[in-house]
Every structure is written in C-alpha cells, then in structure tokens.
Amino acid sequence: DTGVSQNPRHKITKRGQNVTFRCDPISEHNRLYWYRQTLGQGPEFLTYFQNEAQLEKSRLLSDRFSAERPKGSFSTLEIQRTEQGDSAMYLCASSPQGLSGELFFGEGSRLTVL
Amino acid sequence: QQQVKQSPQSLIVQKGGISIINCAYENTAFDYFPWYQQFPGKGPALLIAIRPDVSEKKEGRFTISFNKSAKQFSLHIMDSQPGDSATYFCAASMTFNKFYFGSGTKLNVKP
C-alpha cells in the first residue's frame with residue numbers, strides 16, 4: 001500500500017496525558033498537512049510542512065500542540081496535557097509539489113479523551 | 001470567520017436524480033476550488049476541482065459550476081447512484097498552502 005499511513009488509528013487517553021500521532025506520507029510528496037475533524041464538520045487546518053520546514057500553524061492551535069517533520073519524511077503531531085475538547089479525528093494529508101493541488105488523505109487517527 | 005460556507009447540511013435524492021451542493025467563499029485570493037468525497041471511516045478523497053478562470057468543469061457524472069462574480073461554486077451529480085452516498089466537502093485554497101473546507105453535506109441516494 002503506497003497511500004498515506006497514520007498510526008495509531010485509535011487512541012483513548014485520560015485527560016492530562018500526552019499523545020503522539022505519526023503520519024507517513026506518500027514517498028516523494030514534499031508537502032504534508034495536518035487537519036482536525038470533529039463529528040459533522042469539515043477538516044480544520046492545523047499545520048503545514050514543505051519538506052522539513054513548518055510553514056504555517058493555525059492560530060487556533062494552542063501551545064499544547066506541536067508538530068515535526070524531521071528530514072522531510074514522516075511527521076508527528078504531539079498533544080500535551082490533553083483536554084476533552086481535543087477529542088477528534090486527526091487527519092494527515094500529503095501532496096506533491098507542482099501544479100496539482102490534490103491532497104491525499106490518510107484514514108486518520110481518532111483521539112478520545114476521557 | 002468561516003472562509004467557506006456550504007449548504008445543504010444533508011440531502012436525500014432518489015436514484016437517477018440530480019444532487020446539487022452549494023458553496024460560497026469570501027476571499028477573492030482563492031485560486032483553487034476542489035470537492036472532496038468522504039466515506040465513513042475513510043479520509044476525504046479528491047473528486048473534482050476547478051480554477052477560477054473557467055466557469056464549468058465536467059468529469060463523468062460530476063460537474064462543478066463556478067460563478068466568480070458571486071463568489072459561489074456548486075457540485076452537480078447527475079444520475080445519482082446509491083454508491084454516491086457519502087459526505088461531500090467543498091474547499092478553497094490559495095496556492096495550495098492552506099485549504100479551507102466547508103462543513104460538509106451528507107448525501108443519501110435512495111434506491
């Protein structure tokens with residue numbers, strides 16, 4: 001399978017714990033995006049990388065959220081001191097540089113904060 | 001402020017009918033308008049997209065109509081099939097740096 005891979009697919013945690021999600025994009029895709037999706041809503045932009053550089057981060061994101069993309073390959077999204085409001089589906093997408101704007105999404109990592 | 005507004009929230013269409021979903025945007029700097037289809041438990045997948053320099057784009061049963069002056073665009077699904085039952089999202093982007101998604105339309109095509 002050469003699509004976007006996300007792990008873990010499901011994570012249940014207690015409030016106050018830290019969680020980390022991993023995204024493996026399609027190889028040679030230099031753009032990588034993180035989105036958050038809550039039930040009945042569209043994906044909400046979190047952050048965006050071009051290669052290893054984090055070019056933009058949503059102002060809605062608190063400093064409890066951090067993302068990295070070392071060496072421009074896989075990416076991690078860490079949420080510190082989780083809150084119940086963080087419960088959502090976290091989607092990763094990758095895109096090749098060029099004229100195509102197509103985002104290739106993974107199946108997401110669902111977070112439940114108890 | 002919601003950058004892209006989508007309606008209706010849900011839609012029921014008979015098999016063979018036409019499904020129409022509408023979106024409106026505010027930022028005239030947007031230069032790319034895709035539609036994504038999402039099935040339960042899956043990530044969204046690109047269905048069709050349009051640039052603002054054309055008023056219509058058709059791919060099979062799917063057509064985007066674009067009205068630049070009104071800052072609106074819509075998705076038309078002709079001959080709707082039960083397999084089209086999914087949630088549809090419109091989106092807008094400036095140079096692919098950030099994509100703003102609508103709130104989604106849940107389409108149910110009745111057999």
# chains A, B, ... in the order shown; residues from 1 in each chain; ligands from 1
>>> interface_residues(of="chain B", to="chain A", cutoff="10 Å", atoms="only C-alpha atoms", output="number ranges by chain")
B: 6, 9, 32-34, 36, 40-49, 87-91, 93-106
>>> select_by_dssp(residues="chain A", states="strand (DSSP E or B)", output="PyMOL selection string")
chain A and resi 5-7+10-13+19-24+31-37+44-50+53-57+65-68+75-79+88-95+104-105+109-113
>>> closest_residue(among="A:Ser5, A:Asn30, A:Thr13, A:Ser94", to="Gln80 in chain A", atoms="only C-alpha atoms")
A:Thr13
>>> atom_distance(atom1="CA of Gln17 in chain A", atom2="CA of Glu52 in chain A")
26.9 Å
>>> atom_distance(atom1="CA of Thr76 in chain A", atom2="CA of Ala88 in chain A")
16.3 Å
>>> atom_distance(atom1="CA of Thr63 in chain B", atom2="CA of Met78 in chain B")
8.1 Å
>>> residues_around(residues="Glu78 in chain A", least_positions_apart="2", cutoff="9 Å", atoms="only C-alpha atoms", output="ChimeraX atom specification")
/A:18-22,64-68,76,80
>>> residues_around(residues="Ile18 in chain B", least_positions_apart="6", cutoff="9 Å", atoms="only C-alpha atoms", output="number ranges by chain")
B: 76-80
>>> write_last_selection(atoms="N, CA and C atoms", output="PDB file, in the first residue's frame")
ATOM      1  N   HIS B  76     -22.608  19.389  -9.022  1.00  0.00           N
ATOM      2  CA  HIS B  76     -23.780  18.714  -9.535  1.00  0.00           C
ATOM      3  C   HIS B  76     -23.415  17.254  -9.792  1.00  0.00           C
ATOM      4  N   ILE B  77     -24.212  16.350  -9.244  1.00  0.00           N
ATOM      5  CA  ILE B  77     -24.021  14.927  -9.507  1.00  0.00           C
ATOM      6  C   ILE B  77     -25.224  14.463 -10.312  1.00  0.00           C
ATOM      7  N   MET B  78     -24.965  14.147 -11.558  1.00  0.00           N
ATOM      8  CA  MET B  78     -26.033  13.687 -12.448  1.00  0.00           C
ATOM      9  C   MET B  78     -26.253  12.190 -12.248  1.00  0.00           C
ATOM     10  N   ASP B  79     -27.493  11.750 -12.524  1.00  0.00           N
ATOM     11  CA  ASP B  79     -27.802  10.314 -12.440  1.00  0.00           C
ATOM     12  C   ASP B  79     -27.249   9.734 -11.131  1.00  0.00           C
ATOM     13  N   SER B  80     -27.616  10.338 -10.024  1.00  0.00           N
ATOM     14  CA  SER B  80     -27.089   9.932  -8.714  1.00  0.00           C
ATOM     15  C   SER B  80     -27.355   8.453  -8.437  1.00  0.00           C
TER      16      SER B  80
END
>>> closest_residue(among="B:Ile50, B:Val109, B:Ala86, B:Ala92", to="Ser65 in chain B", atoms="only C-alpha atoms")
B:Ile50
